[in-house]
Amino acid sequence: MLQEESDLSLIIAQIVQKLKGSNLYSQLERQAWASLQRPEIKLESLKEDIKEFFKISGWEKKLQNAVYSELSVFPLPSHPAAPPEHLKEPLVYMRKAQGSWEKRILKSLNSMCTELSIPLARKRPVGEQKELLNKWNEMGTDEPDLSLFRPVYAPKDFLEVLINLRNPNYENGDSLSFRTHLGLIQVPLKVKDIPELKECFVELGLNIGQLGIDDSTQVPPELFENEHVRIGQKVLAEQDSAAAQQYIRQGSPTALRAELWALILNISSQPEDVLYYEQLKTNVIQHDLLVDSLIYKDVKLTASNDDYYFVFEDYLYQVLLCFSRDTSVLSHFAYNSASPPKSYIRGKLGLEEYAVFYPPNGVIPFHGFSMYVAPLCFLYHEPSKLYQIFREMYVRFFFRLHSISSHPSGIVSLCLLFETLLQTYLPQLFYHLREIGAQPLRISFKWMVRAFSGYLATDQLLLLWDRILGYNSLEILAVLAAAVFAFRAVNLMEVTSLAAAEAVLADLSTLKVMPLLQIFLFATVT
């Protein structure tokens, strides 16, 4: 009990410290001072009166949302004396693997830099700055020669690293169960089984109304939808992040989704947020980075060729170029197993005082990175709002999909969860695919790394991302990946090669997410 209390007081102290540096803190302070002029504020009951004022004026709700937002990204509880690297990642072998992977990425970036004789960063000449400013809203029309640039890495390269991941403390002898050897991921992490997932995703049950399912026997769909929209409007009127998160577990009505996501992520477009975005834009216009070409190349290779997203090409450039300059993103490395890459000012190699983070946000884009932004373009049409939503989605969720960690929502755990679900509940299919050299993870990995963006139809993808936000977890990605294999199991049992298995699973655009998840979780015999 005492331990719980000390843990709680430590968490409170850390959140208070974090909020003290925020804009909300200064706003609350200003409001408190202003309230002193009000007749209802009495000196003898000052504290209680100001609290009451905050409650009536809606500032208390804003503070609650800010605290809730901090809690949702707060690292898992650890020992008070644990060093900072333990908050990033408690397992040493995971930290080492992440460190050596980062070195590989940096080496790839530096070798490209040397081969092409291009600096990592340069100040643009005035003429070039004016030209970029003039075409800021139509960068998609630009056709720079990017043939010599290559993505720093693709998901399949990352998968190879995860496959070779081993715990050196784990006995690799004959005592391991046979099942452990079937999958590609060979690290002993605790993942949920179907009964635990049922408990976790209880709101997705067969007898609970869902958006994204057409046929409901007990309640006519339009009746449920009308009632759900009404409750959604009430949640938005209350401006309560926690209520919005609970509500969205049953799916969000299309008309309310943009506002609900912004409420859950605690984003309200203040004038200073717009100003901050404009500053990032100015930075893009003034300086040219090597990663800009990687971003251009990635958008051209992925979103520009996608039937759903090609129209948003200009938005993607704007958001991703600004993102690469945003140093506020660096703060998420406190709970990310990764560390931001460093570069040195020319001629000062190895001198720490001349080290700078490169790119400024510490995130090197990989092949498919732009697909994290593309679906959000359907919801937000104002660039600074779109930018804020993406940044928050990234520092809460997406970074976990390309860093090596033992976190339950980390990509290693998702891969292991996917393989364990398939091995346990579809053993014949798993064994058959393994025997023909078509390990299921080799097919599903790219879906999970991109959070299914670019694979599902957009309306279905947004229903899936509703649940990611609702449960504050990425585990549902692994469940859906397993459900897709279960759905196509009959066809997959007929294939005799990896290429044939990939062909069966090449097009997911006709799939309906919610029925697949419900059948796999709640209609599978366990």
# chains A, B, ... in the order shown; residues from 1 in each chain; ligands from 1

call {"tool": "closest_atom_pairs", "arguments": {"of": "stretch 94-179 of chain A", "to": "stretch 281-295 of chain A", "cutoff": "9 Å", "atoms": "only C-alpha atoms", "output": "JSON lines"}}
result
{"residue": "A:Leu109", "atom": "CA", "partner": "A:Leu290", "partner_atom": "CA", "distance": 8.9}
{"residue": "A:Cys113", "atom": "CA", "partner": "A:Leu290", "partner_atom": "CA", "distance": 7.8}
{"residue": "A:Ile118", "atom": "CA", "partner": "A:Leu290", "partner_atom": "CA", "distance": 7.4}
{"residue": "A:Pro119", "atom": "CA", "partner": "A:Leu290", "partner_atom": "CA", "distance": 6.9}
{"residue": "A:Leu120", "atom": "CA", "partner": "A:Leu290", "partner_atom": "CA", "distance": 5.0}
{"residue": "A:Ala121", "atom": "CA", "partner": "A:Leu289", "partner_atom": "CA", "distance": 4.3}
{"residue": "A:Arg122", "atom": "CA", "partner": "A:Asp288", "partner_atom": "CA", "distance": 5.3}
{"residue": "A:Lys123", "atom": "CA", "partner": "A:His287", "partner_atom": "CA", "distance": 4.4}
{"residue": "A:Arg124", "atom": "CA", "partner": "A:His287", "partner_atom": "CA", "distance": 5.4}
{"residue": "A:Pro125", "atom": "CA", "partner": "A:Gln286", "partner_atom": "CA", "distance": 8.1}
{"residue": "A:Val126", "atom": "CA", "partner": "A:Gln286", "partner_atom": "CA", "distance": 8.2}
{"residue": "A:Glu128", "atom": "CA", "partner": "A:Ile285", "partner_atom": "CA", "distance": 8.4}
{"residue": "A:Gln129", "atom": "CA", "partner": "A:Ile285", "partner_atom": "CA", "distance": 5.4}
{"residue": "A:Lys130", "atom": "CA", "partner": "A:Ile285", "partner_atom": "CA", "distance": 8.1}
{"residue": "A:Leu132", "atom": "CA", "partner": "A:Ile285", "partner_atom": "CA", "distance": 6.4}
{"residue": "A:Leu133", "atom": "CA", "partner": "A:Ile285", "partner_atom": "CA", "distance": 6.6}
{"residue": "A:Trp136", "atom": "CA", "partner": "A:Ile285", "partner_atom": "CA", "distance": 9.0}
{"residue": "A:Pro144", "atom": "CA", "partner": "A:Ser293", "partner_atom": "CA", "distance": 8.7}
{"residue": "A:Leu146", "atom": "CA", "partner": "A:Ser293", "partner_atom": "CA", "distance": 7.1}
{"residue": "A:Phe149", "atom": "CA", "partner": "A:Leu294", "partner_atom": "CA", "distance": 7.0}
{"residue": "A:Arg150", "atom": "CA", "partner": "A:Leu294", "partner_atom": "CA", "distance": 7.3}
{"residue": "A:Pro151", "atom": "CA", "partner": "A:Leu294", "partner_atom": "CA", "distance": 6.3}
{"residue": "A:Val152", "atom": "CA", "partner": "A:Leu294", "partner_atom": "CA", "distance": 7.9}

call {"tool": "write_last_selection", "arguments": {"atoms": "N, CA, C and O atoms", "output": "PDB file, in the first residue's frame"}}
result
ATOM      1  N   LEU A 109      22.982   6.269 -43.968  1.00  0.00           N
ATOM      2  CA  LEU A 109      22.752   7.686 -44.287  1.00  0.00           C
ATOM      3  C   LEU A 109      24.066   8.382 -44.650  1.00  0.00           C
ATOM      4  O   LEU A 109      24.151   9.103 -45.651  1.00  0.00           O
ATOM      5  N   CYS A 113      25.425  10.036 -48.196  1.00  0.00           N
ATOM      6  CA  CYS A 113      25.925  11.412 -48.153  1.00  0.00           C
ATOM      7  C   CYS A 113      27.273  11.518 -48.881  1.00  0.00           C
ATOM      8  O   CYS A 113      27.501  12.412 -49.700  1.00  0.00           O
ATOM      9  N   ILE A 118      26.738  15.084 -51.034  1.00  0.00           N
ATOM     10  CA  ILE A 118      25.692  16.028 -50.612  1.00  0.00           C
ATOM     11  C   ILE A 118      25.852  16.254 -49.111  1.00  0.00           C
ATOM     12  O   ILE A 118      26.010  15.289 -48.357  1.00  0.00           O
ATOM     13  N   PRO A 119      25.821  17.509 -48.653  1.00  0.00           N
ATOM     14  CA  PRO A 119      25.921  17.729 -47.200  1.00  0.00           C
ATOM     15  C   PRO A 119      24.634  17.303 -46.497  1.00  0.00           C
ATOM     16  O   PRO A 119      23.568  17.260 -47.110  1.00  0.00           O
ATOM     17  N   LEU A 120      24.743  16.990 -45.205  1.00  0.00           N
ATOM     18  CA  LEU A 120      23.553  16.623 -44.423  1.00  0.00           C
ATOM     19  C   LEU A 120      22.577  17.797 -44.349  1.00  0.00           C
ATOM     20  O   LEU A 120      21.369  17.626 -44.296  1.00  0.00           O
ATOM     21  N   ALA A 121      23.130  19.022 -44.310  1.00  0.00           N
ATOM     22  CA  ALA A 121      22.284  20.221 -44.234  1.00  0.00           C
ATOM     23  C   ALA A 121      23.004  21.386 -44.899  1.00  0.00           C
ATOM     24  O   ALA A 121      24.236  21.456 -44.880  1.00  0.00           O
ATOM     25  N   ARG A 122      22.231  22.278 -45.512  1.00  0.00           N
ATOM     26  CA  ARG A 122      22.819  23.494 -46.098  1.00  0.00           C
ATOM     27  C   ARG A 122      21.785  24.612 -46.064  1.00  0.00           C
ATOM     28  O   ARG A 122      20.576  24.351 -46.056  1.00  0.00           O
ATOM     29  N   LYS A 123      22.248  25.843 -46.029  1.00  0.00           N
ATOM     30  CA  LYS A 123      21.332  26.985 -46.075  1.00  0.00           C
ATOM     31  C   LYS A 123      20.974  27.231 -47.536  1.00  0.00           C
ATOM     32  O   LYS A 123      21.844  27.226 -48.403  1.00  0.00           O
ATOM     33  N   ARG A 124      19.712  27.410 -47.798  1.00  0.00           N
ATOM     34  CA  ARG A 124      19.295  27.623 -49.187  1.00  0.00           C
ATOM     35  C   ARG A 124      19.643  29.047 -49.619  1.00  0.00           C
ATOM     36  O   ARG A 124      19.471  29.992 -48.840  1.00  0.00           O
ATOM     37  N   PRO A 125      20.081  29.222 -50.867  1.00  0.00           N
ATOM     38  CA  PRO A 125      20.271  30.585 -51.392  1.00  0.00           C
ATOM     39  C   PRO A 125      18.927  31.318 -51.418  1.00  0.00           C
ATOM     40  O   PRO A 125      17.870  30.682 -51.480  1.00  0.00           O
ATOM     41  N   VAL A 126      18.966  32.652 -51.400  1.00  0.00           N
ATOM     42  CA  VAL A 126      17.734  33.460 -51.324  1.00  0.00           C
ATOM     43  C   VAL A 126      16.764  33.128 -52.456  1.00  0.00           C
ATOM     44  O   VAL A 126      15.553  32.986 -52.246  1.00  0.00           O
ATOM     45  N   GLU A 128      16.380  30.357 -54.111  1.00  0.00           N
ATOM     46  CA  GLU A 128      15.765  29.047 -53.878  1.00  0.00           C
ATOM     47  C   GLU A 128      14.697  29.138 -52.782  1.00  0.00           C
ATOM     48  O   GLU A 128      13.652  28.489 -52.870  1.00  0.00           O
ATOM     49  N   GLN A 129      14.962  29.970 -51.769  1.00  0.00           N
ATOM     50  CA  GLN A 129      13.986  30.163 -50.684  1.00  0.00           C
ATOM     51  C   GLN A 129      12.688  30.742 -51.226  1.00  0.00           C
ATOM     52  O   GLN A 129      11.594  30.272 -50.903  1.00  0.00           O
ATOM     53  N   LYS A 130      12.816  31.769 -52.079  1.00  0.00           N
ATOM     54  CA  LYS A 130      11.620  32.408 -52.660  1.00  0.00           C
ATOM     55  C   LYS A 130      10.831  31.421 -53.507  1.00  0.00           C
ATOM     56  O   LYS A 130       9.602  31.361 -53.445  1.00  0.00           O
ATOM     57  N   LEU A 132      10.756  28.133 -53.263  1.00  0.00           N
ATOM     58  CA  LEU A 132      10.087  27.137 -52.425  1.00  0.00           C
ATOM     59  C   LEU A 132       8.853  27.731 -51.743  1.00  0.00           C
ATOM     60  O   LEU A 132       7.806  27.094 -51.653  1.00  0.00           O
ATOM     61  N   LEU A 133       8.969  28.957 -51.306  1.00  0.00           N
ATOM     62  CA  LEU A 133       7.845  29.631 -50.646  1.00  0.00           C
ATOM     63  C   LEU A 133       6.674  29.787 -51.608  1.00  0.00           C
ATOM     64  O   LEU A 133       5.511  29.569 -51.241  1.00  0.00           O
ATOM     65  N   TRP A 136       4.927  26.354 -52.124  1.00  0.00           N
ATOM     66  CA  TRP A 136       4.709  25.603 -50.880  1.00  0.00           C
ATOM     67  C   TRP A 136       3.444  24.750 -50.932  1.00  0.00           C
ATOM     68  O   TRP A 136       3.418  23.623 -50.434  1.00  0.00           O
ATOM     69  N   PRO A 144      11.944  16.631 -58.704  1.00  0.00           N
ATOM     70  CA  PRO A 144      13.406  16.595 -58.580  1.00  0.00           C
ATOM     71  C   PRO A 144      13.943  15.212 -58.962  1.00  0.00           C
ATOM     72  O   PRO A 144      13.225  14.212 -58.853  1.00  0.00           O
ATOM     73  N   LEU A 146      15.489  12.124 -58.152  1.00  0.00           N
ATOM     74  CA  LEU A 146      15.793  11.403 -56.911  1.00  0.00           C
ATOM     75  C   LEU A 146      16.292   9.987 -57.194  1.00  0.00           C
ATOM     76  O   LEU A 146      16.331   9.140 -56.301  1.00  0.00           O
ATOM     77  N   PHE A 149      18.923   8.632 -54.883  1.00  0.00           N
ATOM     78  CA  PHE A 149      18.586   8.458 -53.462  1.00  0.00           C
ATOM     79  C   PHE A 149      17.884   7.128 -53.263  1.00  0.00           C
ATOM     80  O   PHE A 149      17.128   6.686 -54.114  1.00  0.00           O
ATOM     81  N   ARG A 150      18.141   6.510 -52.134  1.00  0.00           N
ATOM     82  CA  ARG A 150      17.450   5.253 -51.802  1.00  0.00           C
ATOM     83  C   ARG A 150      16.942   5.344 -50.369  1.00  0.00           C
ATOM     84  O   ARG A 150      17.554   6.034 -49.552  1.00  0.00           O
ATOM     85  N   PRO A 151      15.843   4.680 -50.052  1.00  0.00           N
ATOM     86  CA  PRO A 151      15.379   4.704 -48.657  1.00  0.00           C
ATOM     87  C   PRO A 151      16.479   4.164 -47.738  1.00  0.00           C
ATOM     88  O   PRO A 151      17.197   3.238 -48.114  1.00  0.00           O
ATOM     89  N   VAL A 152      16.613   4.749 -46.559  1.00  0.00           N
ATOM     90  CA  VAL A 152      17.675   4.322 -45.638  1.00  0.00           C
ATOM     91  C   VAL A 152      17.462   2.856 -45.250  1.00  0.00           C
ATOM     92  O   VAL A 152      18.396   2.094 -45.131  1.00  0.00           O
TER      93      VAL A 152
END

call {"tool": "residues_around", "arguments": {"residues": "A:Pro359", "least_positions_apart": "5", "cutoff": "7 Å", "atoms": "only C-alpha atoms", "output": "PyMOL selection string"}}
result
chain A and resi 324-325+364

call {"tool": "closest_residue", "arguments": {"among": "A:Ile443, A:Asn472, A:Asn169, A:Asn164", "to": "A:Leu71", "atoms": "only C-alpha atoms"}}
result
A:Asn472

call {"tool": "closest_residue", "arguments": {"among": "A:Gly362, A:Gly232, A:Pro271, A:Pro39", "to": "A:Ser331", "atoms": "only C-alpha atoms"}}
result
A:Gly362

call {"tool": "residues_around", "arguments": {"residues": "stretch 391-403 of chain A", "least_positions_apart": "2", "cutoff": "7 Å", "atoms": "only C-alpha atoms", "output": "mmCIF file with N, CA, C and O atoms, in the first residue's frame"}}
result
data_model
loop_
_atom_site.group_PDB
_atom_site.id
_atom_site.type_symbol
_atom_site.label_atom_id
_atom_site.label_comp_id
_atom_site.auth_asym_id
_atom_site.auth_seq_id
_atom_site.Cartn_x
_atom_site.Cartn_y
_atom_site.Cartn_z
ATOM 1 N N VAL A 73 0.992 8.580 -22.105
ATOM 2 C CA VAL A 73 2.321 8.280 -22.668
ATOM 3 C C VAL A 73 3.337 8.019 -21.557
ATOM 4 O O VAL A 73 4.510 7.850 -21.813
ATOM 5 N N GLN A 98 18.909 -2.259 -30.303
ATOM 6 C CA GLN A 98 18.445 -0.973 -30.834
ATOM 7 C C GLN A 98 19.642 -0.085 -31.167
ATOM 8 O O GLN A 98 19.675 0.567 -32.209
ATOM 9 N N LEU A 265 -6.357 13.261 -28.069
ATOM 10 C CA LEU A 265 -4.927 13.618 -28.133
ATOM 11 C C LEU A 265 -4.639 14.954 -27.451
ATOM 12 O O LEU A 265 -3.506 15.423 -27.443
ATOM 13 N N HIS A 332 10.132 12.747 -26.740
ATOM 14 C CA HIS A 332 9.582 11.389 -26.638
ATOM 15 C C HIS A 332 10.682 10.339 -26.486
ATOM 16 O O HIS A 332 10.406 9.186 -26.124
ATOM 17 N N SER A 337 12.839 3.486 -26.723
ATOM 18 C CA SER A 337 14.100 2.739 -26.603
ATOM 19 C C SER A 337 15.176 3.295 -27.544
ATOM 20 O O SER A 337 16.357 3.080 -27.349
ATOM 21 N N ALA A 338 14.747 4.012 -28.580
ATOM 22 C CA ALA A 338 15.700 4.592 -29.534
ATOM 23 C C ALA A 338 16.331 5.856 -28.964
ATOM 24 O O ALA A 338 15.846 6.427 -27.992
ATOM 25 N N TYR A 387 -0.820 18.736 -38.779
ATOM 26 C CA TYR A 387 0.538 18.530 -38.288
ATOM 27 C C TYR A 387 0.545 18.129 -36.808
ATOM 28 O O TYR A 387 1.207 17.166 -36.414
ATOM 29 N N GLN A 388 -0.215 18.856 -36.001
ATOM 30 C CA GLN A 388 -0.258 18.577 -34.560
ATOM 31 C C GLN A 388 -0.791 17.171 -34.265
ATOM 32 O O GLN A 388 -0.266 16.467 -33.406
ATOM 33 N N ILE A 389 -1.846 16.802 -34.991
ATOM 34 C CA ILE A 389 -2.445 15.476 -34.787
ATOM 35 C C ILE A 389 -1.422 14.397 -35.135
ATOM 36 O O ILE A 389 -1.217 13.441 -34.373
ATOM 37 N N SER A 405 11.963 -2.795 -28.760
ATOM 38 C CA SER A 405 11.723 -2.662 -27.320
ATOM 39 C C SER A 405 10.868 -3.824 -26.837
ATOM 40 O O SER A 405 10.305 -4.577 -27.630
ATOM 41 N N SER A 409 3.184 -2.737 -26.682
ATOM 42 C CA SER A 409 2.757 -2.195 -27.980
ATOM 43 C C SER A 409 3.929 -2.063 -28.957
ATOM 44 O O SER A 409 3.752 -1.577 -30.066
ATOM 45 N N GLY A 410 5.120 -2.485 -28.539
ATOM 46 C CA GLY A 410 6.302 -2.413 -29.418
ATOM 47 C C GLY A 410 6.206 -3.444 -30.533
ATOM 48 O O GLY A 410 5.506 -4.459 -30.393
ATOM 49 N N ILE A 411 6.926 -3.222 -31.601
ATOM 50 C CA ILE A 411 6.817 -4.101 -32.778
ATOM 51 C C ILE A 411 7.263 -5.530 -32.469
ATOM 52 O O ILE A 411 6.704 -6.494 -33.000
ATOM 53 N N VAL A 449 3.850 -2.776 -39.384
ATOM 54 C CA VAL A 449 4.773 -1.632 -39.310
ATOM 55 C C VAL A 449 4.095 -0.356 -39.780
ATOM 56 O O VAL A 449 4.338 0.726 -39.252
#

call {"tool": "residues_around", "arguments": {"residues": "stretch 92-94 of chain A", "least_positions_apart": "3", "cutoff": "12 Å", "atoms": "only C-alpha atoms", "output": "mmCIF file with N, CA, C and O atoms, in the first residue's frame"}}
result
data_model
loop_
_atom_site.group_PDB
_atom_site.id
_atom_site.type_symbol
_atom_site.label_atom_id
_atom_site.label_comp_id
_atom_site.auth_asym_id
_atom_site.auth_seq_id
_atom_site.Cartn_x
_atom_site.Cartn_y
_atom_site.Cartn_z
ATOM 1 N N GLU A 85 18.061 5.092 -18.660
ATOM 2 C CA GLU A 85 17.996 4.122 -19.776
ATOM 3 C C GLU A 85 16.999 2.998 -19.485
ATOM 4 O O GLU A 85 16.471 2.376 -20.395
ATOM 5 N N HIS A 86 16.708 2.735 -18.188
ATOM 6 C CA HIS A 86 15.703 1.731 -17.841
ATOM 7 C C HIS A 86 14.304 2.209 -18.179
ATOM 8 O O HIS A 86 13.423 1.411 -18.471
ATOM 9 N N LEU A 87 14.088 3.524 -18.106
ATOM 10 C CA LEU A 87 12.785 4.070 -18.500
ATOM 11 C C LEU A 87 12.612 3.936 -20.007
ATOM 12 O O LEU A 87 11.507 3.733 -20.507
ATOM 13 N N LYS A 88 13.717 4.058 -20.743
ATOM 14 C CA LYS A 88 13.665 3.903 -22.201
ATOM 15 C C LYS A 88 13.380 2.447 -22.566
ATOM 16 O O LYS A 88 12.529 2.149 -23.377
ATOM 17 N N GLU A 89 14.122 1.531 -21.922
ATOM 18 C CA GLU A 89 13.978 0.098 -22.196
ATOM 19 C C GLU A 89 14.640 -0.694 -21.072
ATOM 20 O O GLU A 89 15.843 -0.603 -20.870
ATOM 21 N N ALA A 97 20.576 -4.120 -29.019
ATOM 22 C CA ALA A 97 20.100 -4.387 -30.392
ATOM 23 C C ALA A 97 19.642 -3.092 -31.054
ATOM 24 O O ALA A 97 19.951 -2.823 -32.222
ATOM 25 N N GLN A 98 18.909 -2.259 -30.303
ATOM 26 C CA GLN A 98 18.445 -0.973 -30.834
ATOM 27 C C GLN A 98 19.642 -0.085 -31.167
ATOM 28 O O GLN A 98 19.675 0.567 -32.209
ATOM 29 N N GLY A 99 20.646 -0.084 -30.279
ATOM 30 C CA GLY A 99 21.856 0.732 -30.506
ATOM 31 C C GLY A 99 22.591 0.322 -31.769
ATOM 32 O O GLY A 99 22.992 1.176 -32.576
ATOM 33 N N SER A 100 22.762 -0.984 -31.982
ATOM 34 C CA SER A 100 23.497 -1.422 -33.185
ATOM 35 C C SER A 100 22.664 -1.187 -34.452
ATOM 36 O O SER A 100 23.207 -0.893 -35.520
ATOM 37 N N TRP A 101 21.325 -1.270 -34.337
ATOM 38 C CA TRP A 101 20.443 -0.973 -35.480
ATOM 39 C C TRP A 101 20.559 0.510 -35.860
ATOM 40 O O TRP A 101 20.646 0.863 -37.040
ATOM 41 N N VAL A 161 16.462 -7.915 -38.646
ATOM 42 C CA VAL A 161 17.091 -7.584 -37.358
ATOM 43 C C VAL A 161 16.293 -8.222 -36.219
ATOM 44 O O VAL A 161 16.865 -8.802 -35.292
ATOM 45 N N LEU A 162 14.960 -8.133 -36.290
ATOM 46 C CA LEU A 162 14.115 -8.692 -35.234
ATOM 47 C C LEU A 162 14.201 -10.216 -35.185
ATOM 48 O O LEU A 162 14.153 -10.820 -34.111
ATOM 49 N N ASN A 164 16.795 -11.981 -35.822
ATOM 50 C CA ASN A 164 18.076 -12.376 -35.212
ATOM 51 C C ASN A 164 18.207 -11.964 -33.751
ATOM 52 O O ASN A 164 19.261 -12.164 -33.136
ATOM 53 N N LEU A 165 17.152 -11.379 -33.204
ATOM 54 C CA LEU A 165 17.178 -10.919 -31.817
ATOM 55 C C LEU A 165 17.164 -12.129 -30.869
ATOM 56 O O LEU A 165 16.342 -13.024 -31.020
ATOM 57 N N ARG A 166 18.093 -12.157 -29.909
ATOM 58 C CA ARG A 166 18.163 -13.255 -28.926
ATOM 59 C C ARG A 166 18.428 -12.693 -27.532
ATOM 60 O O ARG A 166 19.149 -11.708 -27.385
ATOM 61 N N ASN A 167 17.873 -13.365 -26.527
ATOM 62 C CA ASN A 167 18.187 -13.020 -25.149
ATOM 63 C C ASN A 167 19.377 -13.871 -24.710
ATOM 64 O O ASN A 167 19.256 -15.090 -24.611
ATOM 65 N N PRO A 168 20.548 -13.254 -24.437
ATOM 66 C CA PRO A 168 21.743 -14.050 -24.104
ATOM 67 C C PRO A 168 21.597 -14.814 -22.785
ATOM 68 O O PRO A 168 22.319 -15.779 -22.547
ATOM 69 N N ASN A 169 20.638 -14.404 -21.934
ATOM 70 C CA ASN A 169 20.457 -15.094 -20.651
ATOM 71 C C ASN A 169 19.536 -16.303 -20.770
ATOM 72 O O ASN A 169 19.312 -17.009 -19.798
ATOM 73 N N TYR A 170 19.009 -16.503 -21.947
ATOM 74 C CA TYR A 170 17.997 -17.553 -22.122
ATOM 75 C C TYR A 170 18.664 -18.821 -22.615
ATOM 76 O O TYR A 170 19.405 -18.789 -23.603
ATOM 77 N N VAL A 187 12.352 -14.403 -28.981
ATOM 78 C CA VAL A 187 12.642 -13.787 -27.679
ATOM 79 C C VAL A 187 11.494 -14.077 -26.715
ATOM 80 O O VAL A 187 10.330 -14.076 -27.107
ATOM 81 N N PRO A 188 11.828 -14.353 -25.453
ATOM 82 C CA PRO A 188 10.790 -14.705 -24.486
ATOM 83 C C PRO A 188 10.127 -13.473 -23.871
ATOM 84 O O PRO A 188 10.588 -12.942 -22.877
ATOM 85 N N LEU A 189 9.069 -13.004 -24.500
ATOM 86 C CA LEU A 189 8.303 -11.879 -23.943
ATOM 87 C C LEU A 189 6.894 -12.382 -23.628
ATOM 88 O O LEU A 189 6.385 -13.280 -24.302
ATOM 89 N N ASN A 336 11.258 6.271 -25.295
ATOM 90 C CA ASN A 336 11.454 5.483 -26.516
ATOM 91 C C ASN A 336 12.800 4.775 -26.389
ATOM 92 O O ASN A 336 13.783 5.388 -25.984
ATOM 93 N N SER A 337 12.839 3.486 -26.723
ATOM 94 C CA SER A 337 14.100 2.739 -26.603
ATOM 95 C C SER A 337 15.176 3.295 -27.544
ATOM 96 O O SER A 337 16.357 3.080 -27.349
ATOM 97 N N ALA A 338 14.747 4.012 -28.580
ATOM 98 C CA ALA A 338 15.700 4.592 -29.534
ATOM 99 C C ALA A 338 16.331 5.856 -28.964
ATOM 100 O O ALA A 338 15.846 6.427 -27.992
ATOM 101 N N SER A 403 10.939 0.777 -33.541
ATOM 102 C CA SER A 403 12.055 0.729 -32.594
ATOM 103 C C SER A 403 11.987 -0.580 -31.815
ATOM 104 O O SER A 403 10.896 -1.110 -31.571
ATOM 105 N N ILE A 404 13.156 -1.107 -31.443
ATOM 106 C CA ILE A 404 13.239 -2.414 -30.793
ATOM 107 C C ILE A 404 13.045 -2.225 -29.291
ATOM 108 O O ILE A 404 13.848 -1.556 -28.648
ATOM 109 N N SER A 405 11.963 -2.795 -28.760
ATOM 110 C CA SER A 405 11.723 -2.662 -27.320
ATOM 111 C C SER A 405 10.868 -3.824 -26.837
ATOM 112 O O SER A 405 10.305 -4.577 -27.630
ATOM 113 N N SER A 406 10.763 -3.938 -25.501
ATOM 114 C CA SER A 406 9.960 -5.020 -24.919
ATOM 115 C C SER A 406 8.563 -4.538 -24.536
ATOM 116 O O SER A 406 7.804 -5.256 -23.900
ATOM 117 N N HIS A 407 8.214 -3.313 -24.914
ATOM 118 C CA HIS A 407 6.914 -2.741 -24.573
ATOM 119 C C HIS A 407 5.786 -3.567 -25.219
ATOM 120 O O HIS A 407 5.921 -4.025 -26.355
ATOM 121 N N GLY A 410 5.120 -2.485 -28.539
ATOM 122 C CA GLY A 410 6.302 -2.413 -29.418
ATOM 123 C C GLY A 410 6.206 -3.444 -30.533
ATOM 124 O O GLY A 410 5.506 -4.459 -30.393
ATOM 125 N N VAL A 412 8.235 -5.727 -31.561
ATOM 126 C CA VAL A 412 8.686 -7.088 -31.226
ATOM 127 C C VAL A 412 7.540 -7.858 -30.569
ATOM 128 O O VAL A 412 7.246 -8.999 -30.943
ATOM 129 N N SER A 413 6.877 -7.213 -29.593
ATOM 130 C CA SER A 413 5.738 -7.868 -28.921
ATOM 131 C C SER A 413 4.590 -8.127 -29.894
ATOM 132 O O SER A 413 3.918 -9.165 -29.811
#

call {"tool": "closest_residue", "arguments": {"among": "A:Leu477, A:Ala503, A:Leu182, A:Leu275", "to": "A:Ser453", "atoms": "only C-alpha atoms"}}
result
A:Leu477

call {"tool": "residues_around", "arguments": {"residues": "A:Val229", "least_positions_apart": "3", "cutoff": "8 Å", "atoms": "only C-alpha atoms", "output": "PDB file with N, CA and C atoms, in the first residue's frame"}}
result
ATOM      1  N   GLU A 225     -26.798   3.665 -34.411  1.00  0.00           N
ATOM      2  CA  GLU A 225     -25.966   4.758 -34.941  1.00  0.00           C
ATOM      3  C   GLU A 225     -26.470   6.120 -34.469  1.00  0.00           C
ATOM      4  N   ASN A 226     -27.793   6.329 -34.539  1.00  0.00           N
ATOM      5  CA  ASN A 226     -28.366   7.619 -34.111  1.00  0.00           C
ATOM      6  C   ASN A 226     -28.080   7.886 -32.633  1.00  0.00           C
ATOM      7  N   GLY A 232     -22.016  10.802 -28.716  1.00  0.00           N
ATOM      8  CA  GLY A 232     -20.760  11.412 -29.181  1.00  0.00           C
ATOM      9  C   GLY A 232     -20.794  12.934 -29.088  1.00  0.00           C
ATOM     10  N   GLN A 233     -21.929  13.501 -29.478  1.00  0.00           N
ATOM     11  CA  GLN A 233     -22.078  14.969 -29.402  1.00  0.00           C
ATOM     12  C   GLN A 233     -22.026  15.451 -27.953  1.00  0.00           C
ATOM     13  N   PRO A 253     -18.440   8.023 -35.145  1.00  0.00           N
ATOM     14  CA  PRO A 253     -19.203   8.465 -36.327  1.00  0.00           C
ATOM     15  C   PRO A 253     -18.298   9.331 -37.210  1.00  0.00           C
ATOM     16  N   LEU A 256     -17.957  13.069 -36.518  1.00  0.00           N
ATOM     17  CA  LEU A 256     -17.382  13.509 -35.237  1.00  0.00           C
ATOM     18  C   LEU A 256     -15.923  13.086 -35.058  1.00  0.00           C
TER      19      LEU A 256
END

call {"tool": "atom_distance", "arguments": {"atom1": "atom CA of A:Leu429", "atom2": "atom CA of A:Gly183"}}
result
12.7 Å

call {"tool": "residues_around", "arguments": {"residues": "A:Gly368", "least_positions_apart": "5", "cutoff": "8 Å", "atoms": "only C-alpha atoms", "output": "list of chain:residue names"}}
result
A:Ala154, A:Asp298, A:Val299, A:Thr302, A:Arg450

call {"tool": "write_last_selection", "arguments": {"atoms": "C-alpha atoms", "output": "tab-separated table (two decimals), in the first residue's frame"}}
result
chain	number	residue	atom	x	y	z
A	154	ALA	CA	12.66	-0.78	-45.65
A	298	ASP	CA	9.14	8.10	-49.97
A	299	VAL	CA	6.02	10.11	-50.86
A	302	THR	CA	4.16	5.22	-51.69
A	450	ARG	CA	2.49	0.71	-41.26
